[in-house]
Amino acid sequence: MSRKFPIAILLAAAVALLAQTPTEARFNSVFENSQVAVYSIELPARARAAAFQGTHDVIWLALNDAAVTFSGRERSDTAEMRTGDARFFPEFRLATVSNTESPTAKGVLIAIKARGAVPSCGCGAGVERAVCGCAGGAHLPALWALGFGKITLGGTMLNAGQAFLGSSYRDDMLLVAVTDLDLQDDAAVQPSPIHLAAGEARWFPAAAHQFRNVGSRPARFVTVEF
């Protein structure tokens with residue numbers, strides 16, 4: 001009996017240690033061209049994934065409300081992300097993304113391939129504090145924009161039937177769906193439906209655009225303009 005008791009303790013400790021060990025997850029490729037690489041991931045509880053594109057400036061885009069831990073060589077930071085929140089990390093600053101608290105954490109990782117396209121983060125206005133993870137940074141609103149060196153980040157939500165007030169010329173642009181969406185570009189020569197599931201991405205060459213939500217639910221998306 002005395003021999004079995006220590007064995008039982010060791011087994012219980014092993015089970016507890018196994019339960020606390022993070023499960024390794026992997027990013028899935030969504031889109032890639034000469035300027036960006038886009039990856040999606042769904043992290044179950046106690047799962048983590050290596051940000052293998054950490055050699056580039058990267059942007060994390062939250063697809064649901066979840067507490068996400070971002071770890072680098074020097075520090076780790078757990079952030080309460082909400083759907084549509086974005087977080088920027090300079091090259092070599094993000095090593096792993098993990099979910100230690102939420103049932104599931106869904107997100108998209110956008111790697112900017114051009115070197116020096118994005119300067120170091122500042123902590124000026126509210127949107128900049130949120131994107132850069134500064135102290136006092138709040139969650140991003142449904143409509144926001146941030147000029148960021150050679151790129152512009154922006155978040156948009158269109159209610160059912162709602163459209164941009166007018167067409168405007170946009171540079172080369174990556175559009176990432178935060179929610180499932182059905183859009184139509186009214187400024188296109190031949191407007192056609194644009195259907196994207198949450199986490200999917202579409203590349204638009206420089207042109208005039210006037211997006212309209214032709215779906216029955218609000219459509220939320222983030223753009224990265226080059």
# chains A, B, ... in the order shown; residues from 1 in each chain; ligands from 1
>>> residues_around(residues="Ser216 (chain A)", least_positions_apart="2", cutoff="10 Å", atoms="only C-alpha atoms", output="ChimeraX atom specification")
/A:159-161,181-182,213-214,218-219
>>> write_last_selection(atoms="N, CA and C atoms", output="PDB file, in the first residue's frame")
ATOM      1  N   ASN A 159     -23.616  48.310 -42.446  1.00  0.00           N
ATOM      2  CA  ASN A 159     -24.863  47.619 -42.154  1.00  0.00           C
ATOM      3  C   ASN A 159     -25.478  47.093 -43.446  1.00  0.00           C
ATOM      4  N   ALA A 160     -26.460  46.230 -43.327  1.00  0.00           N
ATOM      5  CA  ALA A 160     -27.103  45.659 -44.510  1.00  0.00           C
ATOM      6  C   ALA A 160     -27.617  46.767 -45.422  1.00  0.00           C
ATOM      7  N   GLY A 161     -27.211  46.730 -46.687  1.00  0.00           N
ATOM      8  CA  GLY A 161     -27.630  47.735 -47.659  1.00  0.00           C
ATOM      9  C   GLY A 161     -26.808  49.003 -47.653  1.00  0.00           C
ATOM     10  N   LEU A 181     -19.064  38.096 -45.118  1.00  0.00           N
ATOM     11  CA  LEU A 181     -19.593  39.292 -45.765  1.00  0.00           C
ATOM     12  C   LEU A 181     -19.893  39.062 -47.243  1.00  0.00           C
ATOM     13  N   ASP A 182     -20.829  39.863 -47.723  1.00  0.00           N
ATOM     14  CA  ASP A 182     -21.180  39.913 -49.143  1.00  0.00           C
ATOM     15  C   ASP A 182     -21.155  41.372 -49.557  1.00  0.00           C
ATOM     16  N   ASN A 213     -22.654  46.801 -48.913  1.00  0.00           N
ATOM     17  CA  ASN A 213     -23.022  45.549 -48.264  1.00  0.00           C
ATOM     18  C   ASN A 213     -24.326  45.051 -48.869  1.00  0.00           C
ATOM     19  N   VAL A 214     -24.244  44.004 -49.678  1.00  0.00           N
ATOM     20  CA  VAL A 214     -25.443  43.445 -50.308  1.00  0.00           C
ATOM     21  C   VAL A 214     -25.966  42.243 -49.532  1.00  0.00           C
ATOM     22  N   PRO A 218     -24.670  42.861 -40.852  1.00  0.00           N
ATOM     23  CA  PRO A 218     -23.542  43.800 -40.897  1.00  0.00           C
ATOM     24  C   PRO A 218     -22.272  43.109 -41.409  1.00  0.00           C
ATOM     25  N   ALA A 219     -21.513  43.828 -42.207  1.00  0.00           N
ATOM     26  CA  ALA A 219     -20.261  43.324 -42.773  1.00  0.00           C
ATOM     27  C   ALA A 219     -19.108  44.128 -42.200  1.00  0.00           C
TER      28      ALA A 219
END
>>> select_by_dssp(residues="region 27-215 of chain A", states="alpha helix (DSSP H)", output="number ranges by chain")
A: 126-132
>>> closest_residue(among="A:Ala142, A:Ala177, A:Val36, A:Ala66", to="Val127 (chain A)", atoms="only C-alpha atoms")
A:Ala142
>>> residues_around(residues="region 183-199 of chain A", least_positions_apart="4", cutoff="10 Å", atoms="only C-alpha atoms", output="number ranges by chain")
A: 30, 38-41, 61-64, 106-109, 158, 160-164, 166-169, 175-179, 207-215, 219-221
>>> write_last_selection(atoms="C-alpha atoms", output="short mmCIF file (atom, residue, chain, number, x, y, z; two decimals), in the first residue's frame")
data_model
loop_
_atom_site.label_atom_id
_atom_site.label_comp_id
_atom_site.auth_asym_id
_atom_site.auth_seq_id
_atom_site.Cartn_x
_atom_site.Cartn_y
_atom_site.Cartn_z
CA VAL A 30 -4.95 32.27 -46.73
CA VAL A 38 -1.94 36.22 -44.78
CA TYR A 39 -2.53 33.34 -42.37
CA SER A 40 -5.51 32.32 -40.25
CA ILE A 41 -5.64 30.28 -37.08
CA LEU A 61 -6.39 40.74 -36.45
CA ALA A 62 -8.89 39.34 -33.94
CA LEU A 63 -11.87 37.46 -35.37
CA ASN A 64 -13.58 36.93 -32.02
CA LYS A 106 -9.60 33.08 -33.74
CA GLY A 107 -7.36 35.43 -35.64
CA VAL A 108 -5.49 36.39 -38.78
CA LEU A 109 -1.79 37.16 -39.04
CA LEU A 158 -21.33 48.43 -43.22
CA ALA A 160 -27.10 45.66 -44.51
CA GLY A 161 -27.63 47.74 -47.66
CA GLN A 162 -25.16 50.41 -46.56
CA ALA A 163 -22.45 51.66 -48.93
CA PHE A 164 -19.55 54.07 -48.97
CA GLY A 166 -18.94 57.86 -52.77
CA SER A 167 -16.21 56.23 -54.79
CA SER A 168 -12.60 57.01 -53.93
CA TYR A 169 -9.30 56.04 -55.45
CA LEU A 175 -9.13 43.37 -47.67
CA VAL A 176 -9.57 40.87 -44.81
CA ALA A 177 -13.06 39.82 -43.71
CA VAL A 178 -13.65 40.09 -39.96
CA THR A 179 -17.17 38.69 -40.36
CA ALA A 207 -8.45 51.67 -58.52
CA ALA A 208 -11.56 53.55 -57.44
CA HIS A 209 -13.81 51.59 -55.06
CA GLN A 210 -17.24 52.05 -53.56
CA PHE A 211 -18.15 49.00 -51.49
CA ARG A 212 -21.77 48.18 -50.72
CA ASN A 213 -23.02 45.55 -48.26
CA VAL A 214 -25.44 43.45 -50.31
CA GLY A 215 -25.86 40.90 -47.52
CA ALA A 219 -20.26 43.32 -42.77
CA ARG A 220 -17.02 44.12 -41.00
CA PHE A 221 -13.59 44.13 -42.62
#
>>> select_by_dssp(residues="region 26-85 of chain A", states="strand (DSSP E or B)", output="ChimeraX atom specification")
/A:28-32,36-44,47-50,57-62,66-71,76-81
>>> closest_residue(among="A:Ile59, A:Glu32, A:Pro44, A:Val131", to="Trp203 (chain A)", atoms="only C-alpha atoms")
A:Glu32
>>> residues_around(residues="region 71-82 of chain A", least_positions_apart="2", cutoff="8 Å", atoms="only C-alpha atoms", output="list in words")
Ala62, Leu63, Asn64, Asp65, Ala66, Ala67, Val68, Thr69, Gly84, Asp85, Phe92, Arg93, Leu94, Ala95, Thr96, Val97 and His139 of chain A
>>> atom_distance(atom1="CA of Leu153 (chain A)", atom2="CA of Ala201 (chain A)")
14.5 Å
>>> closest_residue(among="A:Met173, A:Ala145, A:Ser98, A:Asp57", to="Gly116 (chain A)", atoms="only C-alpha atoms")
A:Asp57
>>> residues_around(residues="Glu225 (chain A)", least_positions_apart="4", cutoff="7 Å", atoms="only C-alpha atoms", output="PDB file with N, CA and C atoms, in the first residue's frame")
ATOM      1  N   ILE A 151       2.091  52.371 -45.301  1.00  0.00           N
ATOM      2  CA  ILE A 151       0.800  51.691 -45.423  1.00  0.00           C
ATOM      3  C   ILE A 151      -0.258  52.431 -44.609  1.00  0.00           C
ATOM      4  N   THR A 152      -1.510  52.130 -44.919  1.00  0.00           N
ATOM      5  CA  THR A 152      -2.642  52.664 -44.157  1.00  0.00           C
ATOM      6  C   THR A 152      -3.518  51.495 -43.727  1.00  0.00           C
ATOM      7  N   LEU A 153      -3.772  51.398 -42.428  1.00  0.00           N
ATOM      8  CA  LEU A 153      -4.683  50.393 -41.896  1.00  0.00           C
ATOM      9  C   LEU A 153      -6.042  51.032 -41.691  1.00  0.00           C
ATOM     10  N   ASP A 171      -5.033  52.905 -53.298  1.00  0.00           N
ATOM     11  CA  ASP A 171      -3.845  52.206 -53.770  1.00  0.00           C
ATOM     12  C   ASP A 171      -4.058  50.698 -53.658  1.00  0.00           C
ATOM     13  N   ASP A 172      -3.033  49.936 -54.070  1.00  0.00           N
ATOM     14  CA  ASP A 172      -3.130  48.476 -53.916  1.00  0.00           C
ATOM     15  C   ASP A 172      -3.587  48.168 -52.502  1.00  0.00           C
ATOM     16  N   MET A 173      -4.529  47.243 -52.374  1.00  0.00           N
ATOM     17  CA  MET A 173      -5.193  47.080 -51.089  1.00  0.00           C
ATOM     18  C   MET A 173      -5.511  45.617 -50.801  1.00  0.00           C
ATOM     19  N   LEU A 174      -5.217  45.202 -49.567  1.00  0.00           N
ATOM     20  CA  LEU A 174      -5.632  43.903 -49.057  1.00  0.00           C
ATOM     21  C   LEU A 174      -6.872  44.102 -48.210  1.00  0.00           C
TER      22      LEU A 174
END
>>> closest_residue(among="A:Ala138, A:Cys121, A:Phe226, A:Gly149", to="Ser34 (chain A)", atoms="only C-alpha atoms")
A:Phe226
>>> closest_residue(among="A:Val222, A:Leu140, A:Ala50, A:Ala45", to="Pro103 (chain A)", atoms="only C-alpha atoms")
A:Ala45
